[in-house]
Amino acid sequence: MASKNVLTFTEANFESEVLKSDVPVLVDFTATWCGPCKALAPIVDKLADEYQGKVKVGKLDIDENPKVTANYGVRSVPTVIVFKGGAKAGSHAGLTSKEKLVALLGV
């Protein structure tokens, strides 16, 4: 069960939710058919719960949002990109640990 603190990012809300956010944003570029994405999901959920109010955490489905996916050069999933002040601040491709994502967020 996904955390209620994990947002859903789309091409329609990406600018307002991610690029104009006043807190760091972790975007999990994912796909429904991706096995490693399913393995990463509980880690992303935990981050969203633990850092609620300090960072935004959300998922973006690459199949439903190809423009944003292409804009950031996402070629494999899962890919996690952290945005700070409207700019890409760091990224990681592939399955990773909670510790690595916390380090990426810098919180």
# chains A, B, ... in the order shown; residues from 1 in each chain; ligands from 1

$ select_by_dssp --residues "chain A" --states "alpha helix (DSSP H)" --output "PyMOL selection string"
chain A and resi 14+35-50+66-71+98-105

$ residues_around --residues "Glu64 of chain A" --least-positions-apart "3" --cutoff "10 Å" --atoms "only C-alpha atoms" --output "list of chain:residue names"
A:Thr10, A:Glu11, A:Ala31, A:Leu60, A:Asp61, A:Lys67, A:Val68, A:Thr69

$ closest_residue --among "A:Ser91, A:Thr96, A:Ser76, A:Gln52" --to "Leu7 of chain A" --atoms "only C-alpha atoms"
A:Gln52

$ residues_around --residues "Lys100 of chain A" --least-positions-apart "6" --cutoff "12 Å" --atoms "only C-alpha atoms" --output "PyMOL selection string"
chain A and resi 40+43-44+47+80+82+90-94+106-107

$ closest_residue --among "A:Val102, A:Arg75, A:Val27, A:Asp22" --to "Val57 of chain A" --atoms "only C-alpha atoms"
A:Val27

$ closest_residue --among "A:Lys98, A:Pro78, A:Ala89, A:Leu19" --to "Trp33 of chain A" --atoms "only C-alpha atoms"
A:Pro78

$ residues_around --residues "Asp49 of chain A" --least-positions-apart "4" --cutoff "9 Å" --atoms "only C-alpha atoms" --output "list in words"
Ser3, Lys4, Asn5, Val6, Val44 and Asp45 of chain A

$ write_last_selection --atoms "N, CA, C and O atoms" --output "PDB file, in the first residue's frame"
ATOM      1  N   SER A   3       2.148   5.040   0.429  1.00  0.00           N
ATOM      2  CA  SER A   3       1.987   6.047   1.469  1.00  0.00           C
ATOM      3  C   SER A   3       1.104   7.180   0.958  1.00  0.00           C
ATOM      4  O   SER A   3       1.204   7.579  -0.198  1.00  0.00           O
ATOM      5  N   LYS A   4       0.290   7.723   1.843  1.00  0.00           N
ATOM      6  CA  LYS A   4      -0.546   8.870   1.470  1.00  0.00           C
ATOM      7  C   LYS A   4       0.304  10.119   1.259  1.00  0.00           C
ATOM      8  O   LYS A   4      -0.158  11.110   0.714  1.00  0.00           O
ATOM      9  N   ASN A   5       1.572  10.057   1.679  1.00  0.00           N
ATOM     10  CA  ASN A   5       2.464  11.198   1.521  1.00  0.00           C
ATOM     11  C   ASN A   5       3.213  11.199   0.194  1.00  0.00           C
ATOM     12  O   ASN A   5       3.947  12.138  -0.098  1.00  0.00           O
ATOM     13  N   VAL A   6       3.058  10.137  -0.603  1.00  0.00           N
ATOM     14  CA  VAL A   6       3.698  10.084  -1.915  1.00  0.00           C
ATOM     15  C   VAL A   6       2.765  10.725  -2.933  1.00  0.00           C
ATOM     16  O   VAL A   6       1.640  10.270  -3.132  1.00  0.00           O
ATOM     17  N   VAL A  44      10.702   4.487  -1.046  1.00  0.00           N
ATOM     18  CA  VAL A  44      10.181   5.819  -1.366  1.00  0.00           C
ATOM     19  C   VAL A  44       9.048   6.178  -0.396  1.00  0.00           C
ATOM     20  O   VAL A  44       8.973   7.299   0.106  1.00  0.00           O
ATOM     21  N   ASP A  45       8.179   5.214  -0.102  1.00  0.00           N
ATOM     22  CA  ASP A  45       7.078   5.436   0.846  1.00  0.00           C
ATOM     23  C   ASP A  45       7.611   5.839   2.222  1.00  0.00           C
ATOM     24  O   ASP A  45       7.102   6.774   2.853  1.00  0.00           O
TER      25      ASP A  45
END

$ closest_residue --among "A:Lys38, A:Glu99, A:Asp28, A:Lys46" --to "Ile62 of chain A" --atoms "only C-alpha atoms"
A:Asp28

$ atom_distance --atom1 "atom CA of Ala87 of chain A" --atom2 "atom CA of Leu26 of chain A"
11.7 Å

$ atom_distance --atom1 "atom CA of Lys59 of chain A" --atom2 "atom CA of Ser97 of chain A"
16.6 Å

$ closest_residue --among "A:Asn13, A:Thr32, A:Thr8, A:Thr79" --to "Asp63 of chain A" --atoms "only C-alpha atoms"
A:Thr32

$ select_by_dssp --residues "chain A" --states "strand (DSSP E)" --output "ChimeraX atom specification"
/A:6-9,25-30,56-61,79-84,87-93

$ atom_distance --atom1 "atom CA of Pro24 of chain A" --atom2 "atom CA of Lys84 of chain A"
4.7 Å
